[in-house]
$ cat target11.cif   # mmCIF, C-alpha atoms
data_target
loop_
_atom_site.group_PDB
_atom_site.id
_atom_site.type_symbol
_atom_site.label_atom_id
_atom_site.label_comp_id
_atom_site.auth_asym_id
_atom_site.auth_seq_id
_atom_site.Cartn_x
_atom_site.Cartn_y
_atom_site.Cartn_z
ATOM 1 C CA MET T 1 17.625 -9.122 -1.632
ATOM 2 C CA ASP T 2 17.728 -9.184 -5.459
ATOM 3 C CA LEU T 3 14.534 -9.304 -7.508
ATOM 4 C CA ASP T 4 14.928 -12.953 -8.574
ATOM 5 C CA THR T 5 15.229 -14.005 -4.937
ATOM 6 C CA VAL T 6 12.174 -11.911 -4.070
ATOM 7 C CA HIS T 7 10.042 -13.652 -6.697
ATOM 8 C CA ARG T 8 11.319 -17.120 -5.770
ATOM 9 C CA THR T 9 10.565 -16.499 -2.108
ATOM 10 C CA LEU T 10 7.012 -15.406 -2.884
ATOM 11 C CA GLU T 11 6.197 -18.328 -5.200
ATOM 12 C CA GLY T 12 5.047 -20.689 -2.442
ATOM 13 C CA PRO T 13 3.393 -22.978 -1.556
ATOM 14 C CA PHE T 14 3.526 -21.937 2.090
ATOM 15 C CA ASP T 15 2.711 -23.707 5.333
ATOM 16 C CA GLY T 16 -0.611 -22.329 6.502
ATOM 17 C CA PHE T 17 -0.760 -19.023 4.657
ATOM 18 C CA GLN T 18 -0.926 -17.366 1.238
ATOM 19 C CA VAL T 19 0.713 -14.309 -0.305
ATOM 20 C CA HIS T 20 -0.917 -11.885 -2.739
ATOM 21 C CA VAL T 21 0.816 -8.979 -4.471
ATOM 22 C CA ASP T 22 -1.409 -6.341 -6.062
ATOM 23 C CA ALA T 23 0.978 -4.086 -7.989
ATOM 24 C CA GLY T 24 -1.839 -1.768 -9.051
ATOM 25 C CA ARG T 25 -2.683 -1.031 -5.430
ATOM 26 C CA GLU T 26 0.965 -1.248 -4.341
ATOM 27 C CA ARG T 27 0.192 -3.705 -1.560
ATOM 28 C CA GLY T 28 1.282 -7.140 -0.504
ATOM 29 C CA ASP T 29 -1.019 -9.305 1.608
ATOM 30 C CA ILE T 30 -0.015 -12.186 3.855
ATOM 31 C CA VAL T 31 -3.166 -14.182 4.579
ATOM 32 C CA LEU T 32 -3.203 -16.770 7.364
ATOM 33 C CA GLY T 33 -5.074 -19.676 5.799
ATOM 34 C CA ARG T 34 -5.581 -22.475 8.276
ATOM 35 C CA PRO T 35 -9.162 -21.752 9.421
ATOM 36 C CA PRO T 36 -11.094 -21.874 11.629
ATOM 37 C CA LEU T 37 -8.407 -21.011 14.197
ATOM 38 C CA ASN T 38 -5.401 -20.312 11.947
ATOM 39 C CA VAL T 39 -2.983 -22.085 14.257
ATOM 40 C CA ILE T 40 0.592 -21.033 13.435
ATOM 41 C CA SER T 41 3.052 -23.923 13.143
ATOM 42 C CA MET T 42 6.738 -23.753 13.993
ATOM 43 C CA PRO T 43 7.937 -24.039 10.323
ATOM 44 C CA GLN T 44 5.386 -21.396 9.351
ATOM 45 C CA ARG T 45 7.197 -18.791 11.451
ATOM 46 C CA ASP T 46 10.376 -19.193 9.406
ATOM 47 C CA GLU T 47 8.398 -18.852 6.172
ATOM 48 C CA LEU T 48 6.524 -15.792 7.420
ATOM 49 C CA ARG T 49 9.819 -14.100 8.249
ATOM 50 C CA ALA T 50 11.189 -14.796 4.780
ATOM 51 C CA VAL T 51 8.013 -13.515 3.103
ATOM 52 C CA PHE T 52 7.999 -10.283 5.107
ATOM 53 C CA GLU T 53 11.596 -9.714 3.998
ATOM 54 C CA ALA T 54 10.706 -10.434 0.359
ATOM 55 C CA LEU T 55 7.708 -8.084 0.366
ATOM 56 C CA ASP T 56 9.868 -5.415 1.959
ATOM 57 C CA ALA T 57 12.260 -5.749 -0.993
ATOM 58 C CA HIS T 58 9.498 -5.947 -3.637
ATOM 59 C CA PRO T 59 9.575 -2.804 -5.826
ATOM 60 C CA ASP T 60 5.797 -2.874 -6.469
ATOM 61 C CA VAL T 61 4.780 -3.032 -2.802
ATOM 62 C CA ARG T 62 4.318 0.110 -0.720
ATOM 63 C CA VAL T 63 2.250 -1.312 2.159
ATOM 64 C CA ILE T 64 2.129 -4.810 3.679
ATOM 65 C CA VAL T 65 -1.063 -6.235 5.200
ATOM 66 C CA LEU T 66 -1.246 -9.220 7.558
ATOM 67 C CA ARG T 67 -4.752 -10.694 7.719
ATOM 68 C CA ALA T 68 -6.518 -14.030 7.994
ATOM 69 C CA GLU T 69 -9.247 -16.181 6.507
ATOM 70 C CA GLY T 70 -12.350 -16.886 8.559
ATOM 71 C CA GLU T 71 -13.726 -15.551 11.810
ATOM 72 C CA HIS T 72 -10.486 -15.744 13.830
ATOM 73 C CA PHE T 73 -7.120 -14.129 13.154
ATOM 74 C CA SER T 74 -5.205 -16.808 15.070
ATOM 75 C CA SER T 75 -5.692 -18.767 18.267
ATOM 76 C CA GLY T 76 -1.899 -18.914 18.609
ATOM 77 C CA GLY T 77 0.836 -21.428 17.972
ATOM 78 C CA ASP T 78 0.900 -25.189 17.586
ATOM 79 C CA ILE T 79 1.316 -26.230 21.235
ATOM 80 C CA LYS T 80 2.696 -29.682 20.409
ATOM 81 C CA GLY T 81 5.280 -28.045 18.157
ATOM 82 C CA PHE T 82 6.913 -26.333 21.117
ATOM 83 C CA LEU T 83 7.769 -29.665 22.740
ATOM 84 C CA GLU T 84 9.124 -31.042 19.468
ATOM 85 C CA ALA T 85 11.225 -28.009 18.481
ATOM 86 C CA SER T 86 14.936 -27.911 19.185
ATOM 87 C CA PRO T 87 16.382 -25.253 21.510
ATOM 88 C CA GLU T 88 18.127 -23.725 18.476
ATOM 89 C CA HIS T 89 14.827 -23.408 16.632
ATOM 90 C CA VAL T 90 13.047 -21.946 19.639
ATOM 91 C CA SER T 91 15.820 -19.377 20.029
ATOM 92 C CA HIS T 92 14.819 -17.878 16.648
ATOM 93 C CA LEU T 93 11.142 -17.400 17.507
ATOM 94 C CA ALA T 94 11.416 -13.765 18.569
ATOM 95 C CA TRP T 95 13.565 -12.902 15.531
ATOM 96 C CA ASN T 96 10.987 -14.380 13.154
ATOM 97 C CA VAL T 97 8.058 -12.664 14.857
ATOM 98 C CA ALA T 98 9.889 -9.320 14.757
ATOM 99 C CA ALA T 99 10.003 -9.422 10.936
ATOM 100 C CA PRO T 100 7.152 -6.885 10.475
ATOM 101 C CA GLU T 101 8.950 -4.464 12.783
ATOM 102 C CA ARG T 102 12.158 -4.755 10.769
ATOM 103 C CA CYS T 103 10.385 -4.012 7.467
ATOM 104 C CA ASN T 104 11.114 -0.554 6.091
ATOM 105 C CA LYS T 105 7.568 -0.365 4.751
ATOM 106 C CA PRO T 106 4.447 0.158 6.879
ATOM 107 C CA VAL T 107 2.768 -3.063 8.004
ATOM 108 C CA ILE T 108 -0.908 -3.329 8.992
ATOM 109 C CA ALA T 109 -2.473 -6.190 10.976
ATOM 110 C CA ALA T 110 -6.218 -6.703 10.492
ATOM 111 C CA ASN T 111 -7.532 -8.617 13.526
ATOM 112 C CA ARG T 112 -10.890 -10.262 14.150
ATOM 113 C CA GLY T 113 -11.991 -13.007 16.509
ATOM 114 C CA TYR T 114 -9.271 -14.747 18.495
ATOM 115 C CA CYS T 115 -5.899 -13.017 18.397
ATOM 116 C CA PHE T 116 -3.971 -15.040 20.956
ATOM 117 C CA GLY T 117 -0.379 -15.974 21.656
ATOM 118 C CA VAL T 118 1.905 -15.697 18.642
ATOM 119 C CA GLY T 119 -0.985 -14.251 16.625
ATOM 120 C CA PHE T 120 -1.084 -11.335 19.041
ATOM 121 C CA GLU T 121 2.719 -11.127 19.114
ATOM 122 C CA LEU T 122 2.903 -10.918 15.310
ATOM 123 C CA SER T 123 0.262 -8.195 15.357
ATOM 124 C CA LEU T 124 2.145 -6.256 18.033
ATOM 125 C CA ALA T 125 5.221 -6.299 15.786
ATOM 126 C CA CYS T 126 3.224 -4.548 13.039
ATOM 127 C CA ASP T 127 3.014 -0.766 12.799
ATOM 128 C CA PHE T 128 -0.774 -0.527 12.826
ATOM 129 C CA ARG T 129 -3.474 -2.808 14.168
ATOM 130 C CA ILE T 130 -7.123 -2.516 13.164
ATOM 131 C CA ALA T 131 -9.501 -4.601 15.271
ATOM 132 C CA SER T 132 -12.985 -5.858 14.609
ATOM 133 C CA GLU T 133 -15.453 -5.572 17.474
ATOM 134 C CA THR T 134 -15.355 -9.376 17.613
ATOM 135 C CA CYS T 135 -11.631 -9.353 18.342
ATOM 136 C CA ARG T 136 -10.279 -10.777 21.588
ATOM 137 C CA TYR T 137 -6.614 -10.272 22.426
ATOM 138 C CA ALA T 138 -4.725 -12.474 24.888
ATOM 139 C CA LEU T 139 -1.330 -13.815 25.861
ATOM 140 C CA PRO T 140 -2.490 -17.059 27.525
ATOM 141 C CA GLU T 141 0.882 -18.781 27.986
ATOM 142 C CA GLN T 142 0.522 -18.883 31.801
ATOM 143 C CA ARG T 143 -2.134 -21.541 31.321
ATOM 144 C CA LEU T 144 0.602 -23.762 29.855
ATOM 145 C CA GLY T 145 3.161 -22.980 32.553
ATOM 146 C CA GLN T 146 4.973 -20.600 30.205
ATOM 147 C CA ILE T 147 5.367 -16.945 29.357
ATOM 148 C CA PRO T 148 5.196 -15.175 25.959
ATOM 149 C CA GLY T 149 8.386 -16.028 24.107
ATOM 150 C CA SER T 150 8.366 -13.810 21.011
ATOM 151 C CA GLY T 151 8.354 -10.289 22.378
ATOM 152 C CA GLY T 152 4.677 -10.109 23.305
ATOM 153 C CA SER T 153 4.970 -9.019 26.918
ATOM 154 C CA ALA T 154 7.813 -6.598 26.152
ATOM 155 C CA ARG T 155 6.000 -4.851 23.292
ATOM 156 C CA LEU T 156 2.729 -4.792 25.191
ATOM 157 C CA GLN T 157 4.351 -3.181 28.231
ATOM 158 C CA LYS T 158 5.718 -0.403 26.006
ATOM 159 C CA LEU T 159 2.182 0.259 24.766
ATOM 160 C CA ILE T 160 0.038 -0.027 27.896
ATOM 161 C CA GLY T 161 2.365 0.018 30.894
ATOM 162 C CA VAL T 162 3.436 -2.590 33.399
ATOM 163 C CA ALA T 163 0.210 -2.797 35.467
ATOM 164 C CA ARG T 164 -2.091 -3.588 32.560
ATOM 165 C CA THR T 165 0.509 -5.913 31.034
ATOM 166 C CA LYS T 166 0.777 -7.865 34.298
ATOM 167 C CA ASN T 167 -2.995 -8.193 34.349
ATOM 168 C CA MET T 168 -2.983 -9.635 30.834
ATOM 169 C CA VAL T 169 0.150 -11.798 31.056
ATOM 170 C CA MET T 170 0.130 -13.046 34.661
ATOM 171 C CA ARG T 171 -3.632 -13.712 34.664
ATOM 172 C CA ALA T 172 -3.913 -14.739 30.981
ATOM 173 C CA LYS T 173 -6.719 -12.212 30.643
ATOM 174 C CA ARG T 174 -8.529 -11.527 27.381
ATOM 175 C CA ILE T 175 -9.465 -8.016 26.332
ATOM 176 C CA THR T 176 -11.868 -6.858 23.635
ATOM 177 C CA GLY T 177 -11.014 -4.916 20.518
ATOM 178 C CA ALA T 178 -12.776 -1.921 22.053
ATOM 179 C CA ASP T 179 -10.620 -2.165 25.191
ATOM 180 C CA ALA T 180 -7.523 -2.475 23.014
ATOM 181 C CA HIS T 181 -8.510 0.721 21.229
ATOM 182 C CA ASP T 182 -9.110 2.548 24.503
ATOM 183 C CA TRP T 183 -5.717 1.411 25.779
ATOM 184 C CA GLY T 184 -3.864 2.457 22.625
ATOM 185 C CA ILE T 185 -3.014 -1.024 21.360
ATOM 186 C CA VAL T 186 -4.974 -0.659 18.121
ATOM 187 C CA ALA T 187 -5.386 2.284 15.775
ATOM 188 C CA ASP T 188 -9.104 1.667 15.306
ATOM 189 C CA CYS T 189 -11.876 -0.723 16.307
ATOM 190 C CA VAL T 190 -14.649 -1.180 13.748
ATOM 191 C CA ALA T 191 -17.737 -3.296 13.174
ATOM 192 C CA ASP T 192 -16.867 -6.791 11.977
ATOM 193 C CA GLY T 193 -18.243 -6.170 8.512
ATOM 194 C CA GLU T 194 -16.135 -3.031 8.138
ATOM 195 C CA LEU T 195 -12.716 -4.540 8.880
ATOM 196 C CA GLU T 196 -11.688 -5.022 5.253
ATOM 197 C CA ALA T 197 -12.877 -1.553 4.212
ATOM 198 C CA ALA T 198 -11.058 0.060 7.135
ATOM 199 C CA THR T 199 -7.875 -1.821 6.225
ATOM 200 C CA ASP T 200 -8.189 -0.798 2.568
ATOM 201 C CA ALA T 201 -8.679 2.839 3.592
ATOM 202 C CA LEU T 202 -5.551 2.817 5.744
ATOM 203 C CA VAL T 203 -3.539 1.274 2.892
ATOM 204 C CA GLU T 204 -4.677 4.038 0.553
ATOM 205 C CA GLU T 205 -3.927 6.707 3.150
ATOM 206 C CA LEU T 206 -0.387 5.424 3.668
ATOM 207 C CA ARG T 207 0.206 5.202 -0.088
ATOM 208 C CA GLY T 208 -0.410 8.934 -0.328
ATOM 209 C CA PHE T 209 2.680 9.813 1.689
ATOM 210 C CA SER T 210 6.307 9.880 0.615
ATOM 211 C CA PRO T 211 7.826 6.372 0.779
ATOM 212 C CA LEU T 212 11.129 7.899 1.809
ATOM 213 C CA ALA T 213 9.591 9.926 4.622
ATOM 214 C CA GLN T 214 7.609 6.889 5.808
ATOM 215 C CA ARG T 215 10.684 4.653 5.907
ATOM 216 C CA THR T 216 12.567 7.354 7.769
ATOM 217 C CA ALA T 217 9.773 7.903 10.286
ATOM 218 C CA LYS T 218 9.424 4.174 11.004
ATOM 219 C CA ARG T 219 13.137 3.679 11.547
ATOM 220 C CA LEU T 220 13.397 6.813 13.667
ATOM 221 C CA LEU T 221 10.484 5.862 15.913
ATOM 222 C CA ASN T 222 11.658 2.267 16.317
ATOM 223 C CA ASP T 223 15.243 3.251 17.055
ATOM 224 C CA GLY T 224 14.203 6.075 19.354
ATOM 225 C CA GLU T 225 11.962 3.850 21.481
ATOM 226 C CA ASN T 226 14.771 2.984 23.893
ATOM 227 C CA ALA T 227 16.808 6.167 23.519
ATOM 228 C CA SER T 228 16.907 9.039 25.971
ATOM 229 C CA LEU T 229 14.912 12.139 25.082
ATOM 230 C CA ALA T 230 18.075 14.050 24.184
ATOM 231 C CA VAL T 231 19.334 11.281 21.911
ATOM 232 C CA ALA T 232 15.908 10.851 20.275
ATOM 233 C CA ILE T 233 15.713 14.577 19.532
ATOM 234 C CA GLU T 234 19.219 14.486 18.068
ATOM 235 C CA MET T 235 18.289 11.532 15.853
ATOM 236 C CA GLU T 236 15.149 13.317 14.713
ATOM 237 C CA GLY T 237 17.158 16.383 13.748
ATOM 238 C CA HIS T 238 19.569 14.366 11.610
ATOM 239 C CA CYS T 239 16.699 12.575 9.841
ATOM 240 C CA TYR T 240 14.913 15.875 9.250
ATOM 241 C CA SER T 241 18.056 17.386 7.739
ATOM 242 C CA ARG T 242 18.524 14.443 5.384
ATOM 243 C CA LEU T 243 14.916 14.580 4.172
ATOM 244 C CA ARG T 244 15.245 18.287 3.391
ATOM 245 C CA THR T 245 17.545 17.350 0.505
ATOM 246 C CA SER T 246 15.141 14.771 -0.969
ATOM 247 C CA ASP T 247 13.164 15.115 -4.173
ATOM 248 C CA ASP T 248 10.044 14.070 -2.270
ATOM 249 C CA PHE T 249 10.364 16.992 0.144
ATOM 250 C CA ARG T 250 10.802 19.431 -2.726
ATOM 251 C CA GLU T 251 7.766 17.917 -4.451
ATOM 252 C CA GLY T 252 5.728 18.169 -1.248
ATOM 253 C CA VAL T 253 6.587 21.846 -0.774
ATOM 254 C CA GLU T 254 5.924 22.707 -4.418
ATOM 255 C CA ALA T 255 2.626 20.799 -4.448
ATOM 256 C CA PHE T 256 1.523 22.589 -1.288
ATOM 257 C CA GLY T 257 2.282 25.960 -2.867
ATOM 258 C CA GLU T 258 0.529 25.023 -6.086
ATOM 259 C CA LYS T 259 -2.470 23.578 -4.217
ATOM 260 C CA ARG T 260 -2.257 20.174 -5.912
ATOM 261 C CA PRO T 261 -1.758 16.587 -4.685
ATOM 262 C CA PRO T 262 1.954 15.702 -4.471
ATOM 263 C CA GLU T 263 3.418 12.940 -6.643
ATOM 264 C CA PHE T 264 5.964 11.290 -4.408
ATOM 265 C CA ARG T 265 8.512 8.896 -5.916
ATOM 266 C CA GLY T 266 10.458 7.829 -2.852
ATOM 267 C CA CYS T 267 13.708 9.589 -3.688
#
$ encode --input "target11.cif" --output "structure tokens"
Amino acid sequence: MDLDTVHRTLEGPFDGFQVHVDAGRERGDIVLGRPPLNVISMPQRDELRAVFEALDAHPDVRVIVLRAEGEHFSSGGDIKGFLEASPEHVSHLAWNVAAPERCNKPVIAANRGYCFGVGFELSLACDFRIASETCRYALPEQRLGQIPGSGGSARLQKLIGVARTKNMVMRAKRITGADAHDWGIVADCVADGELEAATDALVEELRGFSPLAQRTAKRLLNDGENASLAVAIEMEGHCYSRLRTSDDFREGVEAFGEKRPPEFRGC
């Protein structure tokens, strides 16, 4: 995506969310903005996908954050919209929701309050989730005579196993942010008033690493998820060999020897 297209895509206005780029902090924020429940409409999913792609191509953005206004991240999708959407549109739901996963850059979801349905699915497609103690996660589609349709049950099963996933999906059970942390769904669970500070701290931590090494690690881990152990080890070896020739690796080694912070440039 060329730079003009990036800027046009990020101009807005958007359906139910806002975008903020802070070049000084090298971060791009997508903020769900339809409080109190931040219901996600069908057209909004297409726009979110396009914005994730634009932020991924933005030269001033190192880390992407998905967060929300108000006390709830998202209660889920617009139920009426499912009945009105065409089969062709519905067939793209999982592709749109997977946009954070496809980004080369790290993506953080900051969750508080309700994080249900597609809100949970979007968060599961991010690399890191930070939960407030007020957070409640759920995939409640069984209550509508449906199942998760955007990768939620599949991603969740990879994280917590089939038994716990059945308990959440087949019984539409809610779990707390603390439970999600214990089960390995979220990277951290913090007091509600600390969610923004914890998110900021993770952004700054990620900015301190080599962009090239981070992109490589994300792609390797995503691609290796469904590979055999032998294939995953082989892939890791090839990626390691390529990074050994990078300027960032040389800078990291020299900075370590000189006992100074490295200055990574992503090349």
$ resolve_selection --input "target11.cif" --expression "the PyMOL selection byres ((chain T and resi 55) around 10)" --output "PDB file with C-alpha atoms, in the coordinates of the input"
ATOM      1  CA  VAL T   6      12.174 -11.911  -4.070  1.00  0.00           C
ATOM      2  CA  HIS T   7      10.042 -13.652  -6.697  1.00  0.00           C
ATOM      3  CA  THR T   9      10.565 -16.499  -2.108  1.00  0.00           C
ATOM      4  CA  LEU T  10       7.012 -15.406  -2.884  1.00  0.00           C
ATOM      5  CA  VAL T  19       0.713 -14.309  -0.305  1.00  0.00           C
ATOM      6  CA  HIS T  20      -0.917 -11.885  -2.739  1.00  0.00           C
ATOM      7  CA  VAL T  21       0.816  -8.979  -4.471  1.00  0.00           C
ATOM      8  CA  ARG T  27       0.192  -3.705  -1.560  1.00  0.00           C
ATOM      9  CA  GLY T  28       1.282  -7.140  -0.504  1.00  0.00           C
ATOM     10  CA  ASP T  29      -1.019  -9.305   1.608  1.00  0.00           C
ATOM     11  CA  ILE T  30      -0.015 -12.186   3.855  1.00  0.00           C
ATOM     12  CA  ALA T  50      11.189 -14.796   4.780  1.00  0.00           C
ATOM     13  CA  VAL T  51       8.013 -13.515   3.103  1.00  0.00           C
ATOM     14  CA  PHE T  52       7.999 -10.283   5.107  1.00  0.00           C
ATOM     15  CA  GLU T  53      11.596  -9.714   3.998  1.00  0.00           C
ATOM     16  CA  ALA T  54      10.706 -10.434   0.359  1.00  0.00           C
ATOM     17  CA  ASP T  56       9.868  -5.415   1.959  1.00  0.00           C
ATOM     18  CA  ALA T  57      12.260  -5.749  -0.993  1.00  0.00           C
ATOM     19  CA  HIS T  58       9.498  -5.947  -3.637  1.00  0.00           C
ATOM     20  CA  PRO T  59       9.575  -2.804  -5.826  1.00  0.00           C
ATOM     21  CA  ASP T  60       5.797  -2.874  -6.469  1.00  0.00           C
ATOM     22  CA  VAL T  61       4.780  -3.032  -2.802  1.00  0.00           C
ATOM     23  CA  ARG T  62       4.318   0.110  -0.720  1.00  0.00           C
ATOM     24  CA  VAL T  63       2.250  -1.312   2.159  1.00  0.00           C
ATOM     25  CA  ILE T  64       2.129  -4.810   3.679  1.00  0.00           C
ATOM     26  CA  CYS T 103      10.385  -4.012   7.467  1.00  0.00           C
ATOM     27  CA  LYS T 105       7.568  -0.365   4.751  1.00  0.00           C
TER      28      LYS T 105
END
$ residues_around --input "target11.cif" --residues "Cys267 of chain T" --least-positions-apart "5" --cutoff "7 Å" --atoms "all atoms listed in the file" --output "ChimeraX atom specification"
/T:212,246-248
$ closest_residue --input "target11.cif" --among "T:Phe120, T:Phe264, T:Phe249, T:Phe256" --to "Tyr137 of chain T" --atoms "all atoms listed in the file"
T:Phe120
$ residues_around --input "target11.cif" --residues "Pro106 of chain T" --least-positions-apart "2" --cutoff "12 Å" --atoms "only C-alpha atoms" --output "number ranges by chain"
T: 26-28, 52, 55-56, 61-66, 99-104, 108-109, 125-129, 202-207, 209-219
$ residues_near_point --input "target11.cif" --point "(-1.9, -9.6, 19.8)" --cutoff "10 Å" --atoms "all atoms listed in the file" --output "ChimeraX atom specification"
/T:73-74,76,109,111,114-126,129,135-139,152-153,155-156,180,185-186
$ closest_residue --input "target11.cif" --among "T:Arg164, T:His238, T:Arg143, T:His72" --to "Gly113 of chain T" --atoms "all atoms listed in the file"
T:His72
$ atom_distance --input "target11.cif" --atom1 "atom CA of Arg112 of chain T" --atom2 "atom CA of Asp188 of chain T"
12.1 Å
$ atom_distance --input "target11.cif" --atom1 "atom CA of Gln157 of chain T" --atom2 "atom CA of Asp223 of chain T"
16.9 Å
$ closest_residue --input "target11.cif" --among "T:Leu220, T:Met235, T:Ala201, T:Leu243" --to "Arg25 of chain T" --atoms "all atoms listed in the file"
T:Ala201
$ residues_around --input "target11.cif" --residues "Arg45 of chain T" --least-positions-apart "6" --cutoff "9 Å" --atoms "only C-alpha atoms" --output "number ranges by chain"
T: 93, 96-97
$ atom_distance --input "target11.cif" --atom1 "atom CA of Leu229 of chain T" --atom2 "atom CA of Gly266 of chain T"
28.6 Å
$ residues_near_point --input "target11.cif" --point "(-9.7, -2.5, 17.2)" --cutoff "7 Å" --atoms "all atoms listed in the file" --output "ChimeraX atom specification"
/T:129-133,177-178,180-181,186-190
$ resolve_selection --input "target11.cif" --expression "the PyMOL selection byres ((chain T and resi 170-173) around 7)" --output "VMD selection string"
chain T and resid 138 to 142 166 to 169 174 to 175
$ decode --input "target11.cif" --residues "segment 119-185 of chain T" --atoms "C-alpha atoms" --output "PDB file, in the first residue's frame"
ATOM      1  CA  GLY T 119     -15.249  -8.032  20.222  1.00  0.00           C
ATOM      2  CA  PHE T 120     -13.639 -11.101  21.750  1.00  0.00           C
ATOM      3  CA  GLU T 121     -12.829 -12.522  18.310  1.00  0.00           C
ATOM      4  CA  LEU T 122     -11.057  -9.309  17.265  1.00  0.00           C
ATOM      5  CA  SER T 123      -9.088  -9.372  20.507  1.00  0.00           C
ATOM      6  CA  LEU T 124      -8.119 -13.012  19.984  1.00  0.00           C
ATOM      7  CA  ALA T 125      -6.711 -12.063  16.572  1.00  0.00           C
ATOM      8  CA  CYS T 126      -4.363  -9.560  18.252  1.00  0.00           C
ATOM      9  CA  ASP T 127      -0.911 -10.548  19.480  1.00  0.00           C
ATOM     10  CA  PHE T 128      -1.357  -9.370  23.061  1.00  0.00           C
ATOM     11  CA  ARG T 129      -4.414  -8.870  25.229  1.00  0.00           C
ATOM     12  CA  ILE T 130      -4.369  -6.851  28.443  1.00  0.00           C
ATOM     13  CA  ALA T 131      -7.507  -7.199  30.558  1.00  0.00           C
ATOM     14  CA  SER T 132      -8.961  -5.016  33.256  1.00  0.00           C
ATOM     15  CA  GLU T 133     -10.298  -6.796  36.326  1.00  0.00           C
ATOM     16  CA  THR T 134     -13.749  -5.674  35.169  1.00  0.00           C
ATOM     17  CA  CYS T 135     -13.387  -7.582  31.910  1.00  0.00           C
ATOM     18  CA  ARG T 136     -15.757 -10.415  31.045  1.00  0.00           C
ATOM     19  CA  TYR T 137     -15.017 -12.562  28.006  1.00  0.00           C
ATOM     20  CA  ALA T 138     -17.673 -14.627  26.227  1.00  0.00           C
ATOM     21  CA  LEU T 139     -18.689 -16.180  22.937  1.00  0.00           C
ATOM     22  CA  PRO T 140     -22.477 -16.162  23.482  1.00  0.00           C
ATOM     23  CA  GLU T 141     -23.630 -17.130  19.977  1.00  0.00           C
ATOM     24  CA  GLN T 142     -25.340 -20.328  21.218  1.00  0.00           C
ATOM     25  CA  ARG T 143     -27.983 -18.115  22.789  1.00  0.00           C
ATOM     26  CA  LEU T 144     -28.906 -17.007  19.255  1.00  0.00           C
ATOM     27  CA  GLY T 145     -28.868 -20.507  17.777  1.00  0.00           C
ATOM     28  CA  GLN T 146     -25.464 -19.854  16.211  1.00  0.00           C
ATOM     29  CA  ILE T 147     -21.773 -20.469  16.695  1.00  0.00           C
ATOM     30  CA  PRO T 148     -18.829 -18.019  16.529  1.00  0.00           C
ATOM     31  CA  GLY T 149     -18.289 -17.183  12.877  1.00  0.00           C
ATOM     32  CA  SER T 150     -15.040 -15.200  12.776  1.00  0.00           C
ATOM     33  CA  GLY T 151     -12.443 -17.579  14.140  1.00  0.00           C
ATOM     34  CA  GLY T 152     -13.292 -17.210  17.822  1.00  0.00           C
ATOM     35  CA  SER T 153     -13.740 -20.851  18.755  1.00  0.00           C
ATOM     36  CA  ALA T 154     -10.768 -21.953  16.635  1.00  0.00           C
ATOM     37  CA  ARG T 155      -8.345 -19.412  18.115  1.00  0.00           C
ATOM     38  CA  LEU T 156      -9.629 -19.994  21.625  1.00  0.00           C
ATOM     39  CA  GLN T 157      -9.149 -23.756  21.337  1.00  0.00           C
ATOM     40  CA  LYS T 158      -5.515 -23.195  20.329  1.00  0.00           C
ATOM     41  CA  LEU T 159      -5.022 -21.130  23.487  1.00  0.00           C
ATOM     42  CA  ILE T 160      -6.924 -23.061  26.157  1.00  0.00           C
ATOM     43  CA  GLY T 161      -7.709 -26.499  24.754  1.00  0.00           C
ATOM     44  CA  VAL T 162     -10.886 -28.188  23.625  1.00  0.00           C
ATOM     45  CA  ALA T 163     -12.470 -28.845  27.058  1.00  0.00           C
ATOM     46  CA  ARG T 164     -12.387 -25.245  28.243  1.00  0.00           C
ATOM     47  CA  THR T 165     -13.402 -24.003  24.790  1.00  0.00           C
ATOM     48  CA  LYS T 166     -16.439 -26.308  24.781  1.00  0.00           C
ATOM     49  CA  ASN T 167     -17.402 -24.966  28.188  1.00  0.00           C
ATOM     50  CA  MET T 168     -17.257 -21.396  26.897  1.00  0.00           C
ATOM     51  CA  VAL T 169     -18.749 -21.925  23.427  1.00  0.00           C
ATOM     52  CA  MET T 170     -21.343 -24.669  23.970  1.00  0.00           C
ATOM     53  CA  ARG T 171     -22.587 -23.175  27.260  1.00  0.00           C
ATOM     54  CA  ALA T 172     -22.052 -19.497  26.318  1.00  0.00           C
ATOM     55  CA  LYS T 173     -20.130 -19.099  29.562  1.00  0.00           C
ATOM     56  CA  ARG T 174     -18.495 -15.849  30.633  1.00  0.00           C
ATOM     57  CA  ILE T 175     -15.079 -15.789  32.256  1.00  0.00           C
ATOM     58  CA  THR T 176     -13.352 -12.993  34.151  1.00  0.00           C
ATOM     59  CA  GLY T 177     -10.191 -11.194  33.157  1.00  0.00           C
ATOM     60  CA  ALA T 178      -8.436 -12.952  36.030  1.00  0.00           C
ATOM     61  CA  ASP T 179      -9.566 -16.358  34.736  1.00  0.00           C
ATOM     62  CA  ALA T 180      -8.423 -15.389  31.245  1.00  0.00           C
ATOM     63  CA  HIS T 181      -4.999 -14.558  32.644  1.00  0.00           C
ATOM     64  CA  ASP T 182      -4.801 -17.846  34.532  1.00  0.00           C
ATOM     65  CA  TRP T 183      -5.759 -19.734  31.377  1.00  0.00           C
ATOM     66  CA  GLY T 184      -3.215 -17.940  29.191  1.00  0.00           C
ATOM     67  CA  ILE T 185      -5.673 -15.948  27.086  1.00  0.00           C
TER      68      ILE T 185
END
